[in-house]
$ cat protein10.txt   # compact mmCIF, C-alpha atoms
# COMPACT_ATOMS: atom_id res chain seq x y z
CA MET A 1 0.00 0.00 0.00
CA THR A 2 1.55 3.28 -1.09
CA VAL A 3 0.57 6.74 0.02
CA SER A 4 1.86 9.78 -1.81
CA ASP A 5 3.01 12.91 -0.01
CA GLU A 6 0.17 14.80 -1.63
CA GLU A 7 -2.35 12.31 -0.28
CA LEU A 8 -0.79 12.54 3.12
CA MET A 9 -1.09 16.31 3.06
CA ALA A 10 -4.70 16.17 1.92
CA TYR A 11 -5.39 13.62 4.62
CA ALA A 12 -3.92 15.92 7.25
CA ASP A 13 -6.18 18.68 5.90
CA GLY A 14 -9.25 16.47 5.95
CA ALA A 15 -9.50 17.03 2.19
CA LEU A 16 -9.68 13.42 1.05
CA ALA A 17 -12.81 11.63 -0.05
CA GLU A 18 -14.01 9.09 2.48
CA SER A 19 -12.72 5.96 0.78
CA ASP A 20 -9.27 7.49 0.23
CA ALA A 21 -9.20 8.81 3.75
CA ALA A 22 -9.89 5.34 5.15
CA ARG A 23 -7.06 3.86 3.08
CA VAL A 24 -4.58 6.55 4.17
CA ALA A 25 -5.71 6.27 7.77
CA ALA A 26 -4.94 2.56 7.71
CA ALA A 27 -1.48 3.21 6.25
CA VAL A 28 -0.76 5.95 8.81
CA ALA A 29 -1.84 3.68 11.65
CA ALA A 30 0.57 1.02 10.45
CA ASP A 31 3.57 3.28 9.86
CA PRO A 32 4.93 5.61 12.56
CA ALA A 33 6.95 7.52 9.94
CA LEU A 34 3.76 8.40 8.07
CA ALA A 35 2.05 9.26 11.32
CA GLY A 36 4.91 11.64 12.11
CA LYS A 37 4.51 13.37 8.76
CA VAL A 38 0.80 13.86 9.27
CA GLU A 39 1.49 15.22 12.72
CA ALA A 40 4.07 17.67 11.34
CA GLN A 41 1.55 18.93 8.77
CA ARG A 42 -1.01 19.51 11.47
CA ARG A 43 1.49 21.29 13.66
CA LEU A 44 2.35 23.53 10.74
CA ARG A 45 -1.28 24.56 10.39
CA THR A 46 -1.49 25.26 14.11
CA LEU A 47 1.69 27.31 13.94
CA LEU A 48 0.45 29.37 10.99
CA ARG A 49 -2.89 30.01 12.59
CA GLY A 50 -1.21 30.95 15.83
CA THR A 51 0.81 33.52 13.90
CA PHE A 52 -1.98 35.08 11.88
CA ASP A 53 -5.11 34.70 13.98
CA PRO A 54 -4.05 37.55 16.27
CA VAL A 55 -4.28 39.84 13.22
CA ALA A 56 -7.92 38.90 12.79
CA ALA A 57 -8.47 39.59 16.47
CA GLU A 58 -7.12 43.15 16.20
CA PRO A 59 -9.71 45.90 16.11
CA VAL A 60 -10.47 46.81 12.51
CA PRO A 61 -9.27 50.33 11.61
CA GLU A 62 -12.17 52.75 11.54
CA ASP A 63 -11.19 53.89 8.06
CA LEU A 64 -12.25 50.56 6.62
CA THR A 65 -15.62 50.28 8.32
CA LEU A 66 -16.41 53.90 7.52
CA LEU A 67 -15.49 53.41 3.90
CA ILE A 68 -18.09 50.68 3.66
CA ALA A 69 -20.66 52.64 5.65
CA ALA A 70 -20.21 55.64 3.38
CA ALA A 71 -20.75 53.49 0.30
CA ALA A 72 -23.84 52.00 1.89
CA ALA A 73 -25.10 55.52 2.55
CA GLN A 74 -24.53 56.60 -0.99
CA GLU A 75 -26.31 53.58 -2.30
CA ALA A 76 -29.21 54.03 0.07
CA GLU A 77 -29.51 57.55 -1.16
CA GLU A 78 -29.51 56.45 -4.77
CA ASP A 79 -32.05 53.73 -4.16
CA MET A 80 -34.44 55.99 -2.37
CA THR A 81 -37.05 57.09 -4.84
CA ASP A 82 -40.03 57.51 -2.63
CA ALA A 83 -41.26 56.87 0.85
CA ARG A 84 -40.90 53.23 1.79
CA PRO A 85 -43.61 51.34 3.61
CA SER A 86 -42.91 51.61 7.29
CA SER A 87 -42.60 47.84 7.57
CA GLU A 88 -39.20 48.13 5.90
CA LEU A 89 -38.01 50.52 8.50
CA SER A 90 -36.28 49.53 11.64
CA PRO A 91 -38.64 49.02 14.53
CA GLY A 92 -35.89 49.74 17.03
CA LYS A 93 -35.45 53.02 18.76
CA PRO A 94 -33.46 55.30 16.49
CA HIS A 95 -30.31 56.88 17.83
CA VAL A 96 -29.72 60.56 17.65
CA ILE A 97 -26.28 61.16 16.28
CA ASP A 98 -24.48 64.25 17.46
CA LEU A 99 -22.73 65.37 14.29
CA ALA A 100 -21.37 68.53 15.79
CA ALA A 101 -19.62 66.56 18.52
CA ILE A 102 -18.14 64.20 15.97
CA ARG A 103 -16.87 67.16 13.97
CA ARG A 104 -15.33 68.72 17.03
CA ARG A 105 -13.70 65.45 17.96
CA ARG A 106 -12.28 64.99 14.48
CA MET A 107 -10.89 68.50 14.40
CA ALA A 108 -9.26 67.98 17.78
CA GLU A 109 -7.61 64.76 16.75
CA ALA A 110 -4.06 65.15 15.58
CA PRO A 111 -3.59 63.78 12.10
CA VAL A 112 -2.35 60.22 12.15
CA THR A 113 1.08 60.08 10.57
CA LYS A 114 2.26 56.58 11.29
CA GLY A 115 4.18 55.01 8.46
CA ARG A 116 4.19 56.41 4.97
CA PRO A 117 2.11 59.40 3.96
CA ARG A 118 -1.44 58.46 3.09
CA PRO A 119 -2.76 60.77 0.40
CA LEU A 120 -6.32 59.67 0.97
CA ARG A 121 -6.28 60.38 4.67
CA HIS A 122 -7.68 63.88 4.51
CA TRP A 123 -10.46 62.86 2.19
CA ARG A 124 -11.30 59.96 4.42
CA ILE A 125 -11.77 62.12 7.46
CA GLY A 126 -14.41 64.14 5.67
CA LEU A 127 -16.02 60.97 4.54
CA ALA A 128 -15.92 59.62 8.03
CA VAL A 129 -18.39 62.21 9.23
CA ALA A 130 -20.85 61.27 6.54
CA ALA A 131 -20.30 57.65 7.33
CA THR A 132 -20.79 58.14 11.03
CA LEU A 133 -24.17 59.58 10.30
CA VAL A 134 -24.96 56.58 8.22
CA LEU A 135 -23.95 54.05 10.82
CA GLY A 136 -27.04 55.08 12.68
CA LEU A 137 -29.22 55.34 9.64
CA MET A 138 -28.32 52.29 7.66
CA ILE A 139 -30.26 49.92 9.82
CA GLY A 140 -33.45 50.00 7.92
CA THR A 141 -33.81 53.56 6.83
CA GLN A 142 -32.43 55.72 4.14
CA LEU A 143 -31.61 59.24 3.28
CA GLN A 144 -33.79 60.88 0.74
CA ARG A 145 -32.34 61.37 -2.67
CA GLY A 146 -30.19 64.42 -2.99
CA THR A 147 -31.12 65.91 0.32
CA VAL A 148 -27.76 65.81 2.02
CA THR A 149 -24.32 66.58 0.76
CA GLU A 150 -21.04 66.42 2.57
CA ARG A 151 -18.54 69.25 2.42
CA ASN A 152 -15.40 69.71 4.49
CA GLY A 153 -16.63 67.32 7.10
CA ALA A 154 -20.00 69.03 7.59
CA LEU A 155 -23.23 67.56 6.38
CA LEU A 156 -25.22 70.14 4.52
CA ALA A 157 -28.81 70.01 3.54
CA SER A 158 -29.29 70.32 -0.20
CA GLY A 159 -32.04 69.91 -2.74
CA ASP A 160 -35.55 69.50 -1.38
CA LEU A 161 -34.40 69.47 2.21
CA ALA A 162 -32.57 72.78 1.89
CA ARG A 163 -35.52 74.33 0.09
CA GLY A 164 -37.90 73.04 2.73
CA LEU A 165 -35.78 74.32 5.58
CA GLU A 166 -35.59 77.69 3.91
CA THR A 167 -39.26 78.16 3.11
CA ARG A 168 -41.50 75.84 5.07
CA LEU A 169 -43.20 77.14 8.16
CA ALA A 170 -43.93 75.06 11.23
CA SER A 171 -47.62 75.66 10.71
CA ALA A 172 -47.61 74.11 7.22
CA PRO A 173 -49.48 70.85 7.62
CA ASP A 174 -48.32 68.55 4.89
CA GLY A 175 -45.64 67.39 2.53
CA ASN A 176 -42.59 65.20 2.80
CA LEU A 177 -40.94 67.60 5.13
CA ARG A 178 -42.41 68.91 8.31
CA ILE A 179 -40.89 71.52 10.57
CA LEU A 180 -41.32 70.62 14.22
CA ALA A 181 -39.82 73.76 15.65
CA SER A 182 -37.63 76.74 14.85
CA PHE A 183 -35.36 78.37 17.36
CA ARG A 184 -32.18 80.37 17.79
CA ARG A 185 -29.20 78.77 19.40
CA ARG A 186 -26.82 80.60 21.68
CA ASP A 187 -24.61 82.01 18.93
CA GLY A 188 -27.72 83.50 17.35
CA ASP A 189 -27.92 81.14 14.37
CA TYR A 190 -31.39 80.03 13.42
CA CYS A 191 -32.03 76.32 13.72
CA ARG A 192 -34.94 74.16 12.67
CA VAL A 193 -36.07 70.76 13.84
CA TYR A 194 -37.42 68.87 10.86
CA ALA A 195 -38.91 65.50 10.09
CA ALA A 196 -38.63 64.10 6.58
CA THR A 197 -39.72 60.73 5.29
CA ALA A 198 -36.58 58.82 6.12
CA SER A 199 -34.79 61.00 8.57
CA ALA A 200 -35.35 63.78 11.03
CA GLY A 201 -32.86 66.21 12.41
CA ILE A 202 -31.79 69.63 13.50
CA ALA A 203 -30.29 71.95 10.92
CA CYS A 204 -28.81 75.36 11.63
CA LYS A 205 -28.27 78.13 9.12
CA ASP A 206 -24.59 78.93 9.31
CA SER A 207 -22.86 81.18 6.78
CA GLY A 208 -25.65 80.75 4.30
CA ARG A 209 -25.81 76.96 4.49
CA TRP A 210 -28.06 74.59 6.38
CA VAL A 211 -25.66 72.49 8.43
CA LEU A 212 -27.09 69.31 9.92
CA GLU A 213 -26.26 69.19 13.61
CA HIS A 214 -28.21 66.11 14.61
CA VAL A 215 -29.80 63.44 12.50
CA VAL A 216 -32.01 60.57 13.49
CA ALA A 217 -33.60 57.79 11.49
CA GLY A 218 -37.14 58.73 10.56
CA ASP A 219 -40.22 56.73 11.32
CA GLY A 220 -41.18 56.70 7.66
CA LYS A 221 -44.36 58.64 8.08
CA ALA A 222 -43.30 62.16 8.79
CA GLY A 223 -45.65 63.70 6.29
CA ALA A 224 -48.63 61.44 6.50
CA ASP A 225 -49.10 60.93 10.18
CA TYR A 226 -46.97 63.48 11.83
CA ARG A 227 -48.88 63.83 15.01
CA GLN A 228 -47.53 60.54 16.26
CA ALA A 229 -44.03 61.68 16.87
CA GLY A 230 -41.59 58.81 17.17
CA SER A 231 -39.19 58.50 20.07
CA GLY A 232 -36.42 59.77 17.80
CA GLN A 233 -38.31 63.01 17.33
CA THR A 234 -38.83 63.31 21.05
CA ASP A 235 -35.08 62.99 21.53
CA LEU A 236 -34.53 65.61 18.89
CA MET A 237 -36.84 68.03 20.60
CA ALA A 238 -34.93 67.48 23.83
CA LYS A 239 -31.67 68.24 21.98
CA ALA A 240 -33.24 71.33 20.49
CA GLN A 241 -34.25 72.50 23.91
CA ASP A 242 -30.67 72.10 25.10
CA MET A 243 -29.34 74.04 22.13
CA ALA A 244 -31.89 76.81 22.15
CA ALA A 245 -31.40 80.21 23.71
CA GLY A 246 -34.91 80.93 24.86
CA ASP A 247 -38.22 79.74 23.57
CA PRO A 248 -38.96 78.40 20.11
CA LEU A 249 -40.04 80.98 17.54
CA ASP A 250 -43.73 81.66 17.32
CA ALA A 251 -45.47 81.81 13.96
CA ALA A 252 -44.86 85.52 13.46
CA GLN A 253 -41.18 85.30 14.43
CA GLU A 254 -40.76 82.35 12.14
CA ARG A 255 -42.29 84.16 9.18
CA GLU A 256 -40.05 87.12 9.84
CA ALA A 257 -36.94 84.96 10.06
CA ALA A 258 -37.82 83.15 6.83
CA ALA A 259 -38.39 86.46 5.08
CA GLY A 260 -34.94 87.53 6.20
CA GLY A 261 -33.34 84.34 4.83
CA TRP A 262 -32.64 83.05 8.35
CA ARG A 263 -29.72 85.41 8.71
CA LYS A 264 -28.86 86.21 12.28
CA MET B 1 -32.14 41.09 -1.70
CA SER B 2 -31.31 44.11 0.27
CA THR B 3 -28.00 45.66 -0.56
CA ASP B 4 -27.52 46.33 3.14
CA HIS B 5 -26.76 42.65 3.31
CA PHE B 6 -23.72 43.12 1.06
CA PHE B 7 -22.33 45.96 3.13
CA GLN B 8 -22.91 44.19 6.41
CA GLU B 9 -21.28 41.00 5.21
CA LEU B 10 -18.35 42.90 3.82
CA THR B 11 -17.89 44.67 7.14
CA ALA B 12 -18.03 41.34 8.94
CA LEU B 13 -15.30 40.00 6.65
CA LEU B 14 -12.82 42.74 7.50
CA PRO B 15 -10.96 40.90 10.29
CA ARG B 16 -10.37 37.91 8.02
CA LEU B 17 -9.40 40.13 5.10
CA ARG B 18 -6.83 41.86 7.27
CA ARG B 19 -5.40 38.51 8.27
CA PHE B 20 -5.09 37.38 4.66
CA ALA B 21 -3.60 40.74 3.67
CA ARG B 22 -0.95 40.41 6.38
CA GLY B 23 -0.05 37.02 5.02
CA LEU B 24 0.32 38.33 1.47
CA ALA B 25 2.01 41.64 2.21
CA ARG B 26 3.56 40.78 5.58
CA ASP B 27 4.36 44.41 6.30
CA ALA B 28 1.52 45.78 8.43
CA ALA B 29 1.26 49.14 6.64
CA ASP B 30 1.33 47.46 3.23
CA ALA B 31 -1.34 45.05 4.43
CA ASP B 32 -3.57 47.93 5.53
CA ASP B 33 -3.14 49.59 2.15
CA LEU B 34 -3.98 46.32 0.45
CA CYS B 35 -7.12 46.00 2.55
CA GLN B 36 -8.13 49.52 1.74
CA GLN B 37 -7.67 49.01 -1.99
CA THR B 38 -9.52 45.72 -1.85
CA VAL B 39 -12.50 47.23 -0.07
CA GLU B 40 -12.57 50.11 -2.54
CA ARG B 41 -12.54 47.70 -5.46
CA ALA B 42 -15.22 45.53 -3.90
CA LEU B 43 -17.45 48.54 -3.29
CA LYS B 44 -16.94 49.81 -6.81
CA SER B 45 -17.86 46.53 -8.41
CA HIS B 46 -20.32 45.22 -5.87
CA ARG B 47 -23.11 44.93 -8.40
CA GLN B 48 -21.04 42.25 -10.10
CA TRP B 49 -21.28 40.08 -7.05
CA GLN B 50 -24.12 37.63 -7.38
CA ASP B 51 -26.24 37.17 -4.34
CA GLY B 52 -26.26 33.55 -3.27
CA THR B 53 -22.60 33.06 -4.10
CA ARG B 54 -19.97 33.30 -1.43
CA LEU B 55 -19.02 36.86 -0.75
CA ASP B 56 -15.83 35.87 1.05
CA ALA B 57 -14.43 33.97 -1.94
CA TRP B 58 -15.33 36.89 -4.20
CA VAL B 59 -13.54 39.44 -2.02
CA TYR B 60 -10.51 37.20 -1.44
CA ARG B 61 -10.17 36.95 -5.21
CA ILE B 62 -10.24 40.73 -5.46
CA MET B 63 -7.57 40.97 -2.80
CA ARG B 64 -5.18 38.48 -4.31
CA ASN B 65 -5.60 40.07 -7.77
CA GLN B 66 -4.97 43.46 -6.24
CA TRP B 67 -1.83 42.12 -4.59
CA ILE B 68 -0.57 40.63 -7.88
CA ASP B 69 -1.10 44.02 -9.54
CA GLU B 70 0.74 45.68 -6.70
CA THR B 71 3.74 43.35 -6.80
CA ARG B 72 4.00 43.74 -10.56
CA ALA B 73 3.88 47.49 -10.28
CA ARG B 74 6.60 47.40 -7.64
CA LYS B 75 8.75 45.20 -9.77
CA ARG B 76 8.44 47.66 -12.63
CA ARG B 77 9.24 50.55 -10.32
CA SER B 78 12.28 48.88 -8.83
CA GLN B 79 13.59 47.86 -12.25
CA THR B 80 13.48 51.48 -13.27
CA PHE B 81 16.10 52.23 -10.68
CA VAL B 82 18.02 49.04 -10.04
CA HIS B 83 19.38 46.67 -12.59
CA GLU B 84 18.16 43.16 -12.06
CA GLU B 85 21.65 41.73 -11.54
CA GLU B 86 22.10 44.06 -8.64
CA GLY B 87 19.70 42.06 -6.62
CA VAL B 88 16.06 42.80 -7.10
CA ALA B 89 14.18 40.21 -5.15
CA ILE B 90 11.88 38.97 -7.85
CA GLY B 91 8.53 37.83 -6.63
CA THR B 92 9.16 38.62 -2.99
CA PRO B 93 8.82 42.38 -2.62
CA GLY B 94 8.38 41.99 1.12
CA ASP B 95 11.99 40.93 1.45
CA ARG B 96 13.16 44.46 0.96
CA ASP B 97 12.37 45.26 4.56
CA ALA B 98 13.56 42.38 6.64
CA GLU B 99 12.69 44.05 9.93
CA ASN B 100 9.09 44.42 8.87
CA VAL B 101 8.47 40.71 9.13
CA VAL B 102 9.94 40.42 12.57
CA GLU B 103 6.59 40.71 14.25
CA LEU B 104 5.41 37.60 12.47
CA GLY B 105 8.47 35.83 13.82
CA ASN B 106 10.06 32.72 12.36
CA VAL B 107 6.87 31.82 10.60
CA GLY B 108 6.76 35.20 8.87
CA ARG B 109 10.36 34.88 7.73
CA ALA B 110 9.81 31.37 6.45
CA LEU B 111 6.70 32.50 4.59
CA ALA B 112 8.60 35.41 3.09
CA ARG B 113 10.93 32.96 1.38
CA LEU B 114 8.11 31.22 -0.46
CA SER B 115 7.09 32.31 -3.93
CA GLU B 116 3.97 34.46 -4.11
CA GLU B 117 2.15 31.50 -5.62
CA GLN B 118 3.03 29.14 -2.82
CA ARG B 119 2.36 31.73 -0.16
CA GLU B 120 -1.17 32.52 -1.31
CA ALA B 121 -1.97 28.81 -1.53
CA VAL B 122 -0.67 28.22 2.00
CA MET B 123 -2.54 31.22 3.37
CA LEU B 124 -5.86 30.35 1.73
CA VAL B 125 -5.88 26.73 2.84
CA LEU B 126 -3.98 26.61 6.11
CA VAL B 127 -4.81 30.00 7.59
CA GLU B 128 -8.06 31.03 5.93
CA GLY B 129 -9.44 27.53 5.96
CA PHE B 130 -10.69 27.28 2.39
CA ALA B 131 -11.13 23.85 0.83
CA TYR B 132 -8.69 23.02 -1.99
CA LYS B 133 -11.42 23.49 -4.56
CA GLU B 134 -12.40 26.89 -3.17
CA ALA B 135 -8.82 28.08 -2.95
CA ALA B 136 -8.19 26.98 -6.54
CA GLU B 137 -11.25 28.94 -7.67
CA ILE B 138 -10.16 32.05 -5.81
CA ILE B 139 -6.74 31.95 -7.47
CA GLY B 140 -8.22 30.84 -10.78
CA ILE B 141 -6.14 27.68 -11.28
CA PRO B 142 -6.98 23.96 -11.58
CA GLN B 143 -7.20 22.13 -8.28
CA GLY B 144 -4.21 19.97 -9.19
CA THR B 145 -2.05 23.05 -9.59
CA LEU B 146 -3.25 24.36 -6.25
CA THR B 147 -2.41 21.04 -4.59
CA SER B 148 1.12 21.00 -5.93
CA ARG B 149 1.79 24.65 -5.00
CA LEU B 150 0.44 23.99 -1.56
CA GLY B 151 2.57 20.87 -1.22
CA ARG B 152 5.78 22.61 -2.25
CA GLY B 153 5.05 25.57 -0.04
CA ARG B 154 4.47 23.34 2.95
CA GLU B 155 7.57 21.29 2.37
CA ALA B 156 9.63 24.46 2.28
CA LEU B 157 8.00 25.73 5.46
CA LEU B 158 8.57 22.46 7.28
CA ARG B 159 12.21 22.42 6.22
CA GLU B 160 12.63 25.98 7.32
CA LEU B 161 10.80 25.73 10.60
CA GLY B 162 12.11 22.26 11.40
CA GLU B 163 11.34 21.23 14.91
CA ALA B 164 9.19 24.25 15.60
CA ALA B 165 6.50 22.89 13.33
$ encode --input "protein10.txt" --output "structure tokens"
Amino acid sequence: MTVSDEELMAYADGALAESDAARVAAAVAADPALAGKVEAQRRLRTLLRGTFDPVAAEPVPEDLTLLIAAAAAQEAEEDMTDARPSSELSPGKPHVIDLAAIRRRRMAEAPVTKGRPRPLRHWRIGLAVAATLVLGLMIGTQLQRGTVTERNGALLASGDLARGLETRLASAPDGNLRILASFRRRDGDYCRVYAATASAGIACKDSGRWVLEHVVAGDGKAGADYRQAGSGQTDLMAKAQDMAAGDPLDAAQEREAAAGGWRK
Amino acid sequence: MSTDHFFQELTALLPRLRRFARGLARDAADADDLCQQTVERALKSHRQWQDGTRLDAWVYRIMRNQWIDETRARKRRSQTFVHEEEGVAIGTPGDRDAENVVELGNVGRALARLSEEQREAVMLVLVEGFAYKEAAEIIGIPQGTLTSRLGRGREALLRELGEAA
């Protein structure tokens, strides 16, 4: 009975068909030299795994997970053509994401300069903010098409969302975008709490742009059934209260602010 | 299918992809770059992935192809500056930085001496745990070729590592 080295290796790997494996097993049992070879092959596998498995146990660099999250966000945005049935949306409690805090943290972080220069690093940091937003959103909900763009690490409202923030009054009853409240924060900037089909948030008019400060996954029915505010919206209102200097704008103040382009 | 599924699975694969990348590139910074490029490629072409097929095999294939491209590009770059007779380490670009493999120890050094072909076969089967057939498909070679590359790679490793293995 002869056993080739290749068979022996495949046997050690458990890669032989049953009948072959039985034949090799019999040969190995009868020949200590063969048994030693099989044992050496198995030790080699153990040694290799012992060397490389710790790499798989290392925490994955944030760059990589954010890269994927950002792509998922972009795709979600592209796929979103209309309001989805609420059954597709996550039933879990949405998390409010504090974008301003993330931005501050990113700015405070010294640039990572380990190893060779990474030309993509700067770009990735900007992307990371968008991706961080998405980490909270991607579980079951999606951004509306063209409503958010990312620039220099800030998420800006664009398209319909920007237009809505600019013109819609809190008293307006319907549409895909509803304004829950308008207020001024401590630096005097005007801010608005909004609920759109797939997301809700707080946007503040800063240097002519609507910068998203907080975003939360929507409950999918902002326009249709807005009186049943989801828990995410309740959280948002609490955030707004923390940010606001004074009371929310009343209808007259809101109209006046809108007429003035929300300039402070 | 929901495309979320793709992104979630890809994210879940990252630890394994980093392990495979370290085996191919050996240098940790090179391995991170390889991972990054692989993920970018996978994201760019993700509509080519067919749901129901194994995502891991698909992404591993992207990674090893990316690595082949990278080693070829390096070879071209190094030949621009150094004449071949003066000692370009053909096929083992990782050799240029001996200290970089120190953290992988004896095993890393022994692996570094294998050809790229043997190394990827060893990594896919012995570390990543793919069946011979799967590993052959990832590399794009017949199973017999995979088996012989794997066999030669292992013999070399056992010689090199001797009693340790």
$ interface_residues --input "protein10.txt" --of "chain A" --to "chain B" --cutoff "7 Å" --atoms "all atoms listed in the file" --output "list of chain:residue names"
A:Glu6, A:Ala40, A:Arg43, A:Leu44, A:Arg45, A:Leu47, A:Leu48, A:Arg49, A:Thr51, A:Phe52, A:Asp53, A:Val55, A:Ala56, A:Ala57, A:Val60, A:Leu64, A:Thr65, A:Ile68, A:Ala71, A:Ala72, A:Gly115
$ atom_distance --input "protein10.txt" --atom1 "CA of Arg23 in chain A" --atom2 "CA of Leu8 in chain A"
10.7 Å
$ atom_distance --input "protein10.txt" --atom1 "CA of Leu165 in chain A" --atom2 "CA of Cys204 in chain A"
9.3 Å
$ atom_distance --input "protein10.txt" --atom1 "CA of Ala156 in chain B" --atom2 "CA of Ala110 in chain B"
8.1 Å
$ residues_near_point --input "protein10.txt" --point "(-8.3, 36.2, -8.1)" --cutoff "8 Å" --atoms "all atoms listed in the file" --output "short mmCIF file (atom, residue, chain, number, x, y, z; two decimals) with C-alpha atoms, keeping the file's coordinate frame"
data_model
loop_
_atom_site.label_atom_id
_atom_site.label_comp_id
_atom_site.auth_asym_id
_atom_site.auth_seq_id
_atom_site.Cartn_x
_atom_site.Cartn_y
_atom_site.Cartn_z
CA TYR B 60 -10.51 37.20 -1.44
CA ARG B 61 -10.17 36.95 -5.21
CA ILE B 62 -10.24 40.73 -5.46
CA MET B 63 -7.57 40.97 -2.80
CA ARG B 64 -5.18 38.48 -4.31
CA ASN B 65 -5.60 40.07 -7.77
CA GLU B 137 -11.25 28.94 -7.67
CA ILE B 138 -10.16 32.05 -5.81
CA ILE B 139 -6.74 31.95 -7.47
CA GLY B 140 -8.22 30.84 -10.78
#
$ closest_residue --input "protein10.txt" --among "A:Thr167, A:Ser19, A:Gln41, A:Gln233" --to "Val215 in chain A" --atoms "all atoms listed in the file"
A:Gln233
$ axis_aligned_box --input "protein10.txt" --around "range 28-43 of chain A" --padding-each-side "8 Å" --output "JSON"
{"center_x": 2.6, "center_y": 11.2, "center_z": 10.9, "size_x": 24.8, "size_y": 36.3, "size_z": 21.6}
$ closest_residue --input "protein10.txt" --among "A:Gln253, A:Ser4, A:Ser207, A:Thr234" --to "Leu34 in chain A" --atoms "all atoms listed in the file"
A:Ser4
